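**Q** Here it is, the structure in full.
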Amino acid sequence: MKFMLIWRVTSDEAWGNLGEIDFDTMLETVGKFNEELIEAGVLIAAEGLAPAEEGVVVDFSSEPPVVTDGPYGETKELFNGFYLINVPTIQDAIEWAKRTPMTAAGFKTEIRRVPTIDEFPQDNEWIKKERAWRESTGQL
């Protein structure tokens with residue numbers, strides 16, 4: 001099963017402390033964790049995100065949608081990066097999440113299962129098209 005591990009910074013204090021970490025040290029710490037995931041054969045993807053100040057929100061609460069440049073939202077609403085892993089159970093995903101390098105107070109890792117295409121109605125034309133695309137790109 002695929003699971004997404006989503007890194008969240010949940011307090012302004014933790015957000016401020018993040019900026020004080022030596023970048024090379026952070027790269028080494030995260031790199032070692034990435035290496036563990038790779039060696040275990042569970043890593044599918046891992047990405048950090050640019051600062052919220054570079055982001056944009058498209059809000060569909062009105063017509064036409066409102067586009068707002070970052071920064072936006074409260075710190076606790078932001079996520080900063082993710083891992084996509086393939087492990088047999090959610091318990092395995094929890095164990096990997098417990099090992100992530102972002103473990104100080106004010107940091108959380110949310111775990112969400114990623115449904116497979118097989119969980120959708122296979123007779124739907126859009127699912128058929130997506131399945132064909134996934135097969136043609138080697139994703140299935």
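Ordering of the structure tokens sets the chain letters (A, B, ...), residue numbers begin anew at 1 in every chain, and ligands are numbered from 1 in the order given.
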Do a neighbour search on Met1 of chain A at 8 Å with only C-alpha atoms, toss out local chain neighbours closer than 6 positions, and write the hits as JSON, numbers by chain.

**A** {"A": [86, 87, 88, 89, 113, 114]}

**Q** Mind checking which residues fall within 8 Å of Phe79 of chain A, counting only C-alpha atoms, ignoring those fewer than 2 positions away in the same chain, and posting them as a list in words?

**A**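 That gives Ile6, Trp7, Arg8, Val9, Glu77 and Gly81 of chain A.
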
**Q** Have a look at atom CA of Asp69 of chain A and atom CA of Ala45 of chain A and let me know their distance in Å, one decimal.

**A**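 For atom CA of Asp69 of chain A relative to atom CA of Ala45 of chain A, the distance reads 27.0 Å.
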
**Q** Which value, in Å to one decimal, gives the distance between atom CA of Glu53 of chain A and atom CA of Glu20 of chain A?

**A**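 These atoms are spaced 18.3 Å apart.
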
**Q** Could you pull out the alpha helix (DSSP H) residues of segment 32-128 of chain A, going by DSSP on the backbone, and write them as JSON, numbers by chain?

**A** {"A": [32, 33, 34, 35, 36, 37, 38, 39, 40, 90, 91, 92, 93, 94, 95, 96, 97, 98, 125, 126, 127, 128]}

**Q** Could you write out that same residue set with C-alpha atoms as an mmCIF file, in the first residue's frame?

**A**
```
data_model
loop_
_atom_site.group_PDB
_atom_site.id
_atom_site.type_symbol
_atom_site.label_atom_id
_atom_site.label_comp_id
_atom_site.auth_asym_id
_atom_site.auth_seq_id
_atom_site.Cartn_x
_atom_site.Cartn_y
_atom_site.Cartn_z
ATOM 1 C CA LYS A 32 20.517 9.572 5.924
ATOM 2 C CA PHE A 33 16.792 8.998 6.436
ATOM 3 C CA ASN A 34 16.240 8.977 2.667
ATOM 4 C CA GLU A 35 19.027 6.420 2.328
ATOM 5 C CA GLU A 36 17.311 4.175 4.905
ATOM 6 C CA LEU A 37 14.047 4.364 2.945
ATOM 7 C CA ILE A 38 15.859 3.598 -0.323
ATOM 8 C CA GLU A 39 17.791 0.678 1.152
ATOM 9 C CA ALA A 40 14.550 -0.741 2.593
ATOM 10 C CA ILE A 90 -0.368 1.506 8.065
ATOM 11 C CA GLN A 91 1.565 0.254 11.095
ATOM 12 C CA ASP A 92 4.681 0.076 8.883
ATOM 13 C CA ALA A 93 3.997 3.643 7.720
ATOM 14 C CA ILE A 94 3.672 4.736 11.361
ATOM 15 C CA GLU A 95 7.014 3.154 12.195
ATOM 16 C CA TRP A 96 8.709 5.026 9.324
ATOM 17 C CA ALA A 97 6.989 8.280 10.375
ATOM 18 C CA LYS A 98 8.377 7.855 13.899
ATOM 19 C CA GLU A 125 -14.202 5.817 -19.141
ATOM 20 C CA TRP A 126 -11.910 8.206 -17.227
ATOM 21 C CA ILE A 127 -10.535 5.408 -15.085
ATOM 22 C CA LYS A 128 -9.922 3.370 -18.248
#
```

**Q** Given only C-alpha atoms as the basis, pick out the residue of A:Ala50, A:Val66, A:Leu84, A:Val58 nearest to Met4 of chain A.

**A**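 So, comparing all the options, the nearest one is A:Leu84.
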
**Q** Please compute the atom CA of Gly48 of chain A-atom CA of Gln139 of chain A distance, one decimal, in Å.

**A** 22.5 Å
